[in-house]
Amino acid sequence: MSISRKFLLPFSPIYGLTTMLRNLGYDKGVFESRSYSIPIICVGNLSVGGTGKSPMVEYLINHLKIDYRLATLSRGYGRTTKGFHLLKNNDLAEMVGDEPLQFKTKFPKVIVAVDENRQRGIDKLIETENPDVIILDDAFQHRKVKAGLNILLTTYGDLYTDDLLLPAGNLREPVSGAGRAEIVVVTKCPPELSKQEQEGISNKLNLSPEQKLFFGYIEYSSHLKNDKGSISLGSIIGKQILLITGIANDMPLLDHLKNENLEYEHLSFPDHHNYSMKEIEGISAEIVLTTEKDYMRLKAIMPHPGLYYIPIQFKFIVEEEKFDRKIDQFIKNEK
């Protein structure tokens, strides 16, 4: 913990009490939490960013998009607009948010919408698009909506049980909030995570018998992509490379590039950063490498022929079929 955050420790109990009372109000019915007639899956976390929600949402899209008319609903963090917006393929990231645009670009037939008011967003989707299933991105704390299935993510090496409440730590609510999740997924694990270490994490999280625990990792593609095509990662070794990131936790990416023997300069920005022309002017690197999320923002203002992103996808270490069956059974029971 940084020295500045140590000074914030006395404020964490105040924040925790506030969020605890809020959750208690929803649990006891003092505040309204609305249910819906169609299956709604919520993907979220207890901490502030960096747990891999987007790869998990994309995993769910891949699993469900063939059999169902599927919609995703996000807040559209960092966008300059307000209210409900149904994404089109030619939308700009600054208008709709980088992650929703990433979903729409990668899955053009999937319905993608943004609205900071999740109740209104769901109502609009049901009214205008008639989806079979809605996936809520980053909505675990949005208690006004009662999702039928909650998937809670926590990062390997930074479990929510090891964290502190804001502002001293990164938790949005007390650890007890994890009890609302039917599924907990430990993300960004080493692919070779041992059974013994999985059991140790399971003991630390101390889930109820009804909750299901899974372990997964991020798989990086061996090819870089942009709107015009792709090249192999190995083909840029030895070239002048500039890495630009604006994500919550870039360490896994940096570790991966190190393992691939890439040498590069690195410009790091805050999560969901809105890049300006001034920040990128004068870039002369042969290859500008970034994340898929950052690419959604950069491509509109940076017509660099060497601008590429490295695709990623979520993978389960074990029990992928068990996870899929859990999702399928939920939807079947809700219909």
# chains A, B, ... in the order shown; residues from 1 in each chain; ligands from 1
>>> residues_around(residues="Ala178 (chain A)", least_positions_apart="2", cutoff="10 Å", atoms="only C-alpha atoms", output="list in words")
Asn45, Leu46, Phe140, Asn150, Ile151, Leu152, Leu153, Tyr160, Thr161, Glu173, Pro174, Val175, Ser176, Arg180, Ala181, Glu182, Ile183, Val184, Leu205, Leu207 and Gln211 of chain A
>>> write_last_selection(atoms="C-alpha atoms", output="compact mmCIF listing (two decimals), in the first residue's frame")
# COMPACT_ATOMS: atom_id res chain seq x y z
CA ASN A 45 -16.42 -7.46 -9.67
CA LEU A 46 -15.94 -6.07 -6.19
CA PHE A 140 -22.62 -6.08 -9.96
CA ASN A 150 -24.31 -13.00 -11.26
CA ILE A 151 -20.76 -13.83 -12.37
CA LEU A 152 -18.19 -12.24 -10.06
CA LEU A 153 -14.58 -11.88 -11.21
CA TYR A 160 -10.89 -9.41 -3.20
CA THR A 161 -10.28 -11.12 0.15
CA GLU A 173 -18.14 -2.75 -1.39
CA PRO A 174 -17.38 -5.12 1.52
CA VAL A 175 -16.23 -8.68 0.80
CA SER A 176 -19.61 -9.93 2.05
CA ARG A 180 -24.70 -12.38 -4.17
CA ALA A 181 -22.76 -14.20 -6.90
CA GLU A 182 -23.80 -17.62 -8.14
CA ILE A 183 -20.47 -18.00 -9.96
CA VAL A 184 -17.01 -16.69 -8.99
CA LEU A 205 -12.44 -17.18 -0.79
CA LEU A 207 -17.57 -19.58 -0.85
CA GLN A 211 -21.57 -20.94 -5.26
>>> residues_around(residues="region 235-250 of chain A", least_positions_apart="6", cutoff="10 Å", atoms="only C-alpha atoms", output="PDB file with N, CA and C atoms, in the first residue's frame")
ATOM      1  N   VAL A  48     -12.191  -2.082  -8.278  1.00  0.00           N
ATOM      2  CA  VAL A  48     -12.255  -1.059  -9.310  1.00  0.00           C
ATOM      3  C   VAL A  48     -11.408  -1.498 -10.499  1.00  0.00           C
ATOM      4  N   GLY A  49     -12.038  -2.074 -11.506  1.00  0.00           N
ATOM      5  CA  GLY A  49     -11.395  -2.368 -12.780  1.00  0.00           C
ATOM      6  C   GLY A  49     -10.302  -3.421 -12.746  1.00  0.00           C
ATOM      7  N   GLY A  50      -9.932  -3.860 -13.941  1.00  0.00           N
ATOM      8  CA  GLY A  50      -8.754  -4.695 -14.116  1.00  0.00           C
ATOM      9  C   GLY A  50      -8.915  -6.175 -13.877  1.00  0.00           C
ATOM     10  N   THR A  51     -10.158  -6.692 -13.783  1.00  0.00           N
ATOM     11  CA  THR A  51     -10.334  -8.116 -13.516  1.00  0.00           C
ATOM     12  C   THR A  51     -10.606  -8.931 -14.777  1.00  0.00           C
ATOM     13  N   GLY A  52     -10.746  -8.283 -15.914  1.00  0.00           N
ATOM     14  CA  GLY A  52     -10.969  -9.023 -17.158  1.00  0.00           C
ATOM     15  C   GLY A  52     -12.436  -9.223 -17.501  1.00  0.00           C
ATOM     16  N   HIS A 223      -0.723 -13.322 -33.346  1.00  0.00           N
ATOM     17  CA  HIS A 223      -0.776 -12.354 -34.439  1.00  0.00           C
ATOM     18  C   HIS A 223      -1.326 -11.014 -33.955  1.00  0.00           C
ATOM     19  N   LEU A 224      -0.835  -9.948 -34.537  1.00  0.00           N
ATOM     20  CA  LEU A 224      -1.337  -8.611 -34.272  1.00  0.00           C
ATOM     21  C   LEU A 224      -2.328  -8.239 -35.361  1.00  0.00           C
ATOM     22  N   GLU A 260       8.005 -12.749 -24.859  1.00  0.00           N
ATOM     23  CA  GLU A 260       8.138 -12.857 -26.317  1.00  0.00           C
ATOM     24  C   GLU A 260       9.386 -12.149 -26.834  1.00  0.00           C
ATOM     25  N   ASN A 261      10.222 -11.668 -25.908  1.00  0.00           N
ATOM     26  CA  ASN A 261      11.505 -11.028 -26.255  1.00  0.00           C
ATOM     27  C   ASN A 261      11.332  -9.744 -27.072  1.00  0.00           C
ATOM     28  N   LEU A 262      10.269  -9.016 -26.802  1.00  0.00           N
ATOM     29  CA  LEU A 262      10.052  -7.748 -27.493  1.00  0.00           C
ATOM     30  C   LEU A 262      10.658  -6.590 -26.699  1.00  0.00           C
ATOM     31  N   GLU A 263      11.350  -5.717 -27.383  1.00  0.00           N
ATOM     32  CA  GLU A 263      11.851  -4.493 -26.779  1.00  0.00           C
ATOM     33  C   GLU A 263      11.040  -3.328 -27.307  1.00  0.00           C
ATOM     34  N   TYR A 264      10.647  -2.419 -26.416  1.00  0.00           N
ATOM     35  CA  TYR A 264       9.737  -1.352 -26.815  1.00  0.00           C
ATOM     36  C   TYR A 264       9.821  -0.198 -25.825  1.00  0.00           C
ATOM     37  N   GLU A 265       9.376   0.964 -26.292  1.00  0.00           N
ATOM     38  CA  GLU A 265       9.100   2.074 -25.394  1.00  0.00           C
ATOM     39  C   GLU A 265       7.633   1.995 -25.001  1.00  0.00           C
ATOM     40  N   HIS A 266       7.312   2.534 -23.833  1.00  0.00           N
ATOM     41  CA  HIS A 266       5.945   2.367 -23.316  1.00  0.00           C
ATOM     42  C   HIS A 266       5.376   3.705 -22.862  1.00  0.00           C
ATOM     43  N   LEU A 267       4.208   4.065 -23.400  1.00  0.00           N
ATOM     44  CA  LEU A 267       3.429   5.200 -22.926  1.00  0.00           C
ATOM     45  C   LEU A 267       2.209   4.647 -22.195  1.00  0.00           C
ATOM     46  N   SER A 268       2.105   4.921 -20.897  1.00  0.00           N
ATOM     47  CA  SER A 268       1.013   4.398 -20.080  1.00  0.00           C
ATOM     48  C   SER A 268       0.066   5.527 -19.684  1.00  0.00           C
ATOM     49  N   PHE A 269      -1.238   5.271 -19.861  1.00  0.00           N
ATOM     50  CA  PHE A 269      -2.268   6.252 -19.533  1.00  0.00           C
ATOM     51  C   PHE A 269      -3.304   5.600 -18.612  1.00  0.00           C
ATOM     52  N   PRO A 270      -4.161   6.402 -17.965  1.00  0.00           N
ATOM     53  CA  PRO A 270      -5.204   5.836 -17.093  1.00  0.00           C
ATOM     54  C   PRO A 270      -6.213   5.001 -17.891  1.00  0.00           C
ATOM     55  N   ASP A 271      -6.957   4.185 -17.183  1.00  0.00           N
ATOM     56  CA  ASP A 271      -7.965   3.327 -17.792  1.00  0.00           C
ATOM     57  C   ASP A 271      -9.011   4.164 -18.532  1.00  0.00           C
ATOM     58  N   HIS A 272      -9.424   3.693 -19.706  1.00  0.00           N
ATOM     59  CA  HIS A 272     -10.436   4.361 -20.545  1.00  0.00           C
ATOM     60  C   HIS A 272      -9.998   5.776 -20.949  1.00  0.00           C
ATOM     61  N   HIS A 273      -8.711   5.970 -21.130  1.00  0.00           N
ATOM     62  CA  HIS A 273      -8.207   7.310 -21.435  1.00  0.00           C
ATOM     63  C   HIS A 273      -8.691   7.782 -22.799  1.00  0.00           C
ATOM     64  N   ASN A 274      -9.175   9.014 -22.864  1.00  0.00           N
ATOM     65  CA  ASN A 274      -9.541   9.647 -24.129  1.00  0.00           C
ATOM     66  C   ASN A 274      -8.304  10.334 -24.710  1.00  0.00           C
ATOM     67  N   TYR A 275      -7.693   9.723 -25.704  1.00  0.00           N
ATOM     68  CA  TYR A 275      -6.452  10.235 -26.276  1.00  0.00           C
ATOM     69  C   TYR A 275      -6.709  11.520 -27.065  1.00  0.00           C
ATOM     70  N   ILE A 280      -0.391  12.199 -29.172  1.00  0.00           N
ATOM     71  CA  ILE A 280       0.137  11.223 -30.130  1.00  0.00           C
ATOM     72  C   ILE A 280       0.878  11.864 -31.297  1.00  0.00           C
ATOM     73  N   ILE A 283       4.665  10.882 -33.204  1.00  0.00           N
ATOM     74  CA  ILE A 283       5.059   9.483 -33.018  1.00  0.00           C
ATOM     75  C   ILE A 283       5.637   8.959 -34.330  1.00  0.00           C
ATOM     76  N   SER A 284       6.848   8.456 -34.266  1.00  0.00           N
ATOM     77  CA  SER A 284       7.534   8.011 -35.479  1.00  0.00           C
ATOM     78  C   SER A 284       7.945   6.548 -35.421  1.00  0.00           C
ATOM     79  N   ALA A 285       7.523   5.831 -34.396  1.00  0.00           N
ATOM     80  CA  ALA A 285       7.887   4.418 -34.273  1.00  0.00           C
ATOM     81  C   ALA A 285       7.362   3.629 -35.465  1.00  0.00           C
ATOM     82  N   GLU A 286       8.108   2.611 -35.847  1.00  0.00           N
ATOM     83  CA  GLU A 286       7.705   1.782 -36.987  1.00  0.00           C
ATOM     84  C   GLU A 286       6.428   1.004 -36.675  1.00  0.00           C
ATOM     85  N   ILE A 287       6.347   0.517 -35.442  1.00  0.00           N
ATOM     86  CA  ILE A 287       5.175  -0.237 -34.992  1.00  0.00           C
ATOM     87  C   ILE A 287       4.619   0.428 -33.736  1.00  0.00           C
ATOM     88  N   VAL A 288       3.325   0.723 -33.745  1.00  0.00           N
ATOM     89  CA  VAL A 288       2.640   1.216 -32.551  1.00  0.00           C
ATOM     90  C   VAL A 288       1.711   0.094 -32.092  1.00  0.00           C
ATOM     91  N   LEU A 289       2.029  -0.478 -30.957  1.00  0.00           N
ATOM     92  CA  LEU A 289       1.295  -1.630 -30.435  1.00  0.00           C
ATOM     93  C   LEU A 289       0.401  -1.182 -29.284  1.00  0.00           C
ATOM     94  N   THR A 290      -0.823  -1.694 -29.244  1.00  0.00           N
ATOM     95  CA  THR A 290      -1.743  -1.303 -28.185  1.00  0.00           C
ATOM     96  C   THR A 290      -2.697  -2.449 -27.876  1.00  0.00           C
ATOM     97  N   THR A 291      -3.591  -2.236 -26.915  1.00  0.00           N
ATOM     98  CA  THR A 291      -4.603  -3.233 -26.589  1.00  0.00           C
ATOM     99  C   THR A 291      -5.799  -3.045 -27.521  1.00  0.00           C
ATOM    100  N   GLU A 292      -6.652  -4.047 -27.577  1.00  0.00           N
ATOM    101  CA  GLU A 292      -7.825  -3.944 -28.442  1.00  0.00           C
ATOM    102  C   GLU A 292      -8.736  -2.806 -27.989  1.00  0.00           C
ATOM    103  N   LYS A 293      -8.877  -2.641 -26.680  1.00  0.00           N
ATOM    104  CA  LYS A 293      -9.713  -1.567 -26.151  1.00  0.00           C
ATOM    105  C   LYS A 293      -9.149  -0.203 -26.536  1.00  0.00           C
ATOM    106  N   ASP A 294      -7.837  -0.010 -26.386  1.00  0.00           N
ATOM    107  CA  ASP A 294      -7.214   1.262 -26.752  1.00  0.00           C
ATOM    108  C   ASP A 294      -7.264   1.500 -28.255  1.00  0.00           C
ATOM    109  N   TYR A 295      -7.192   0.427 -29.028  1.00  0.00           N
ATOM    110  CA  TYR A 295      -7.254   0.556 -30.478  1.00  0.00           C
ATOM    111  C   TYR A 295      -8.569   1.202 -30.918  1.00  0.00           C
ATOM    112  N   ARG A 297     -10.119   3.532 -29.553  1.00  0.00           N
ATOM    113  CA  ARG A 297     -10.004   4.987 -29.415  1.00  0.00           C
ATOM    114  C   ARG A 297      -8.938   5.568 -30.341  1.00  0.00           C
ATOM    115  N   LEU A 298      -7.811   4.872 -30.456  1.00  0.00           N
ATOM    116  CA  LEU A 298      -6.678   5.425 -31.185  1.00  0.00           C
ATOM    117  C   LEU A 298      -6.890   5.448 -32.695  1.00  0.00           C
ATOM    118  N   GLY A 306       1.334   1.490 -39.044  1.00  0.00           N
ATOM    119  CA  GLY A 306       1.868   0.434 -38.184  1.00  0.00           C
ATOM    120  C   GLY A 306       1.155   0.300 -36.866  1.00  0.00           C
ATOM    121  N   LEU A 307      -0.098   0.805 -36.781  1.00  0.00           N
ATOM    122  CA  LEU A 307      -0.877   0.693 -35.547  1.00  0.00           C
ATOM    123  C   LEU A 307      -1.567  -0.666 -35.497  1.00  0.00           C
ATOM    124  N   TYR A 308      -1.240  -1.465 -34.479  1.00  0.00           N
ATOM    125  CA  TYR A 308      -1.806  -2.800 -34.317  1.00  0.00           C
ATOM    126  C   TYR A 308      -2.214  -3.022 -32.861  1.00  0.00           C
ATOM    127  N   TYR A 309      -3.155  -3.938 -32.672  1.00  0.00           N
ATOM    128  CA  TYR A 309      -3.484  -4.391 -31.320  1.00  0.00           C
ATOM    129  C   TYR A 309      -3.233  -5.882 -31.227  1.00  0.00           C
TER     130      TYR A 309
END
>>> closest_atom_pairs(of="region 208-250 of chain A", to="region 317-334 of chain A", cutoff="9 Å", atoms="only C-alpha atoms", output="Markdown table")
| residue | atom | partner | partner_atom | distance |
| --- | --- | --- | --- | --- |
| A:Lys212 | CA | A:Phe323 | CA | 8.8 |
| A:Phe214 | CA | A:Glu319 | CA | 7.3 |
| A:Phe215 | CA | A:Ile317 | CA | 5.8 |
| A:Gly216 | CA | A:Ile317 | CA | 5.2 |
| A:Tyr217 | CA | A:Ile317 | CA | 7.0 |
>>> write_last_selection(atoms="C-alpha atoms", output="PDB file, in the first residue's frame")
ATOM      1  CA  LYS A 212     -19.414 -22.368  -8.055  1.00  0.00           C
ATOM      2  CA  PHE A 214     -13.782 -21.489 -11.717  1.00  0.00           C
ATOM      3  CA  PHE A 215     -10.244 -20.557 -12.769  1.00  0.00           C
ATOM      4  CA  GLY A 216      -9.181 -18.967 -16.036  1.00  0.00           C
ATOM      5  CA  TYR A 217      -6.394 -17.139 -17.838  1.00  0.00           C
TER       6      TYR A 217
END
>>> select_by_dssp(residues="region 116-224 of chain A", states="alpha helix (DSSP H)", output="PyMOL selection string")
chain A and resi 118-128+195-205
>>> residues_around(residues="Leu164 (chain A)", least_positions_apart="6", cutoff="10 Å", atoms="only C-alpha atoms", output="list in words")
Met1, Leu9, Ser12, Pro13, Gly16, Ser47, Asn170, Leu171, Arg172, Glu173, Pro174 and Val175 of chain A
>>> atom_distance(atom1="CA of Tyr156 (chain A)", atom2="CA of Ser202 (chain A)")
11.5 Å
>>> residues_around(residues="region 88-100 of chain A", least_positions_apart="5", cutoff="8 Å", atoms="only C-alpha atoms", output="list of chain:residue names")
A:Ser54, A:Ser74, A:Gly76, A:Tyr77, A:Gly78, A:Arg79, A:Thr80, A:Thr81, A:Thr105, A:Pro108, A:Val112, A:Ala113, A:Val114, A:His272, A:Asn274, A:Lys293, A:Asp294, A:Met296, A:Arg297, A:Ala300
>>> residues_around(residues="region 116-120 of chain A", least_positions_apart="5", cutoff="7 Å", atoms="only C-alpha atoms", output="PyMOL selection string")
chain A and resi 75+83+145
>>> residues_around(residues="region 63-65 of chain A", least_positions_apart="2", cutoff="10 Å", atoms="only C-alpha atoms", output="list in words")
Val57, Glu58, Tyr59, Leu60, Ile61, Asp67, Tyr68, Arg69, Leu70, Ala71, Phe107, Lys109, Val110, Val133, Asp324, Ile327 and Asp328 of chain A
>>> residues_around(residues="Glu219 (chain A)", least_positions_apart="3", cutoff="12 Å", atoms="only C-alpha atoms", output="list in words")
Gly52, Pro55, Thr187, Lys188, Cys189, Pro190, Pro191, Gly216, Ser222, His223, Pro252, Leu253, His256, Ile310, Pro311, Ile312, Gln313, Phe314, Lys315, Phe316 and Ile317 of chain A
>>> write_last_selection(atoms="N, CA and C atoms", output="short mmCIF file (atom, residue, chain, number, x, y, z; two decimals), in the first residue's frame")
data_model
loop_
_atom_site.label_atom_id
_atom_site.label_comp_id
_atom_site.auth_asym_id
_atom_site.auth_seq_id
_atom_site.Cartn_x
_atom_site.Cartn_y
_atom_site.Cartn_z
N GLY A 52 -10.75 -8.28 -15.91
CA GLY A 52 -10.97 -9.02 -17.16
C GLY A 52 -12.44 -9.22 -17.50
N PRO A 55 -13.06 -9.68 -21.60
CA PRO A 55 -12.85 -11.03 -22.14
C PRO A 55 -13.91 -12.03 -21.68
N THR A 187 -9.61 -14.82 -12.41
CA THR A 187 -9.09 -14.54 -13.75
C THR A 187 -7.59 -14.28 -13.72
N LYS A 188 -6.99 -14.27 -14.92
CA LYS A 188 -5.58 -13.94 -15.12
C LYS A 188 -4.65 -14.86 -14.32
N CYS A 189 -5.06 -16.12 -14.18
CA CYS A 189 -4.22 -17.11 -13.51
C CYS A 189 -3.09 -17.55 -14.45
N PRO A 190 -2.01 -18.10 -13.89
CA PRO A 190 -1.04 -18.79 -14.74
C PRO A 190 -1.75 -19.99 -15.38
N PRO A 191 -1.55 -20.25 -16.67
CA PRO A 191 -2.25 -21.37 -17.31
C PRO A 191 -1.98 -22.72 -16.66
N GLY A 216 -9.46 -19.20 -14.63
CA GLY A 216 -9.18 -18.97 -16.04
C GLY A 216 -7.97 -18.09 -16.24
N SER A 222 -0.99 -14.97 -31.27
CA SER A 222 0.36 -14.93 -31.86
C SER A 222 0.42 -13.95 -33.04
N HIS A 223 -0.72 -13.32 -33.35
CA HIS A 223 -0.78 -12.35 -34.44
C HIS A 223 -1.33 -11.01 -33.96
N PRO A 252 0.08 -7.86 -16.85
CA PRO A 252 0.05 -9.13 -17.59
C PRO A 252 0.51 -8.98 -19.04
N LEU A 253 0.12 -7.88 -19.69
CA LEU A 253 0.56 -7.64 -21.07
C LEU A 253 2.06 -7.41 -21.13
N HIS A 256 3.84 -10.63 -20.77
CA HIS A 256 3.74 -11.44 -21.99
C HIS A 256 4.72 -10.95 -23.05
N ILE A 310 -3.06 -6.36 -30.00
CA ILE A 310 -2.85 -7.78 -29.78
C ILE A 310 -4.14 -8.38 -29.22
N PRO A 311 -4.81 -9.24 -29.98
CA PRO A 311 -6.06 -9.84 -29.52
C PRO A 311 -5.84 -10.76 -28.32
N ILE A 312 -6.85 -10.81 -27.45
CA ILE A 312 -6.81 -11.71 -26.30
C ILE A 312 -8.15 -12.44 -26.22
N GLN A 313 -8.15 -13.55 -25.49
CA GLN A 313 -9.41 -14.22 -25.19
C GLN A 313 -9.30 -14.95 -23.86
N PHE A 314 -10.46 -15.10 -23.22
CA PHE A 314 -10.50 -15.78 -21.93
C PHE A 314 -10.54 -17.29 -22.15
N LYS A 315 -9.76 -18.02 -21.34
CA LYS A 315 -9.74 -19.48 -21.38
C LYS A 315 -9.87 -20.03 -19.97
N PHE A 316 -10.61 -21.12 -19.83
CA PHE A 316 -10.69 -21.80 -18.55
C PHE A 316 -9.54 -22.79 -18.42
N ILE A 317 -9.01 -22.91 -17.20
CA ILE A 317 -7.95 -23.89 -16.95
C ILE A 317 -8.54 -25.29 -16.94
#
>>> atom_distance(atom1="CA of Tyr36 (chain A)", atom2="CA of Ile134 (chain A)")
10.3 Å
>>> atom_distance(atom1="CA of Tyr15 (chain A)", atom2="CA of Ile135 (chain A)")
28.6 Å
>>> closest_residue(among="A:Gly157, A:Leu136, A:Leu73, A:Asp123", to="Leu101 (chain A)", atoms="only C-alpha atoms")
A:Leu73
>>> closest_residue(among="A:Val186, A:Leu193, A:Ile40, A:Leu87", to="Ile122 (chain A)", atoms="only C-alpha atoms")
A:Ile40
>>> closest_residue(among="A:Gly25, A:Pro131, A:Gly177, A:Gly121", to="Ile38 (chain A)", atoms="only C-alpha atoms")
A:Pro131
>>> decode(residues="region 204-259 of chain A", atoms="C-alpha atoms", output="CSV table (one decimal), in the first residue's frame")
chain,number,residue,atom,x,y,z
A,204,LYS,CA,-9.3,-18.2,1.0
A,205,LEU,CA,-12.4,-17.2,-0.8
A,206,ASN,CA,-14.5,-19.4,1.5
A,207,LEU,CA,-17.6,-19.6,-0.9
A,208,SER,CA,-20.9,-21.1,0.1
A,209,PRO,CA,-21.7,-24.6,-1.1
A,210,GLU,CA,-24.2,-23.1,-3.6
A,211,GLN,CA,-21.6,-20.9,-5.3
A,212,LYS,CA,-19.4,-22.4,-8.1
A,213,LEU,CA,-15.7,-21.5,-8.4
A,214,PHE,CA,-13.8,-21.5,-11.7
A,215,PHE,CA,-10.2,-20.6,-12.8
A,216,GLY,CA,-9.2,-19.0,-16.0
A,217,TYR,CA,-6.4,-17.1,-17.8
A,218,ILE,CA,-5.9,-14.7,-20.7
A,219,GLU,CA,-4.5,-16.2,-23.9
A,220,TYR,CA,-2.7,-13.7,-26.2
A,221,SER,CA,-2.8,-14.2,-29.9
A,222,SER,CA,0.4,-14.9,-31.9
A,223,HIS,CA,-0.8,-12.4,-34.4
A,224,LEU,CA,-1.3,-8.6,-34.3
A,225,LYS,CA,-4.4,-7.1,-36.0
A,226,ASN,CA,-5.8,-3.9,-37.3
A,227,ASP,CA,-8.6,-3.0,-39.6
A,228,LYS,CA,-6.6,-3.9,-42.7
A,229,GLY,CA,-5.2,-7.3,-41.7
A,230,SER,CA,-2.8,-9.0,-39.4
A,231,ILE,CA,0.9,-9.8,-39.0
A,232,SER,CA,2.7,-12.3,-36.8
A,233,LEU,CA,4.0,-11.1,-33.4
A,234,GLY,CA,7.4,-12.6,-34.3
A,235,SER,CA,7.7,-10.4,-37.4
A,236,ILE,CA,8.1,-7.2,-35.4
A,237,ILE,CA,11.0,-8.4,-33.3
A,238,GLY,CA,13.9,-6.1,-33.8
A,239,LYS,CA,11.7,-3.2,-35.1
A,240,GLN,CA,11.2,0.1,-33.3
A,241,ILE,CA,8.1,-0.5,-31.2
A,242,LEU,CA,6.0,1.9,-29.1
A,243,LEU,CA,3.5,0.4,-26.8
A,244,ILE,CA,0.5,2.5,-25.8
A,245,THR,CA,-1.8,1.4,-23.0
A,246,GLY,CA,-4.8,2.9,-21.2
A,247,ILE,CA,-6.0,0.0,-19.1
A,248,ALA,CA,-6.4,-0.6,-15.4
A,249,ASN,CA,-3.7,-3.2,-15.1
A,250,ASP,CA,-1.1,-3.6,-17.9
A,251,MET,CA,1.3,-5.9,-16.0
A,252,PRO,CA,0.1,-9.1,-17.6
A,253,LEU,CA,0.6,-7.6,-21.1
A,254,LEU,CA,4.0,-6.3,-20.2
A,255,ASP,CA,5.0,-9.8,-18.8
A,256,HIS,CA,3.7,-11.4,-22.0
A,257,LEU,CA,5.7,-9.1,-24.3
A,258,LYS,CA,8.8,-9.7,-22.1
A,259,ASN,CA,8.4,-13.4,-22.6
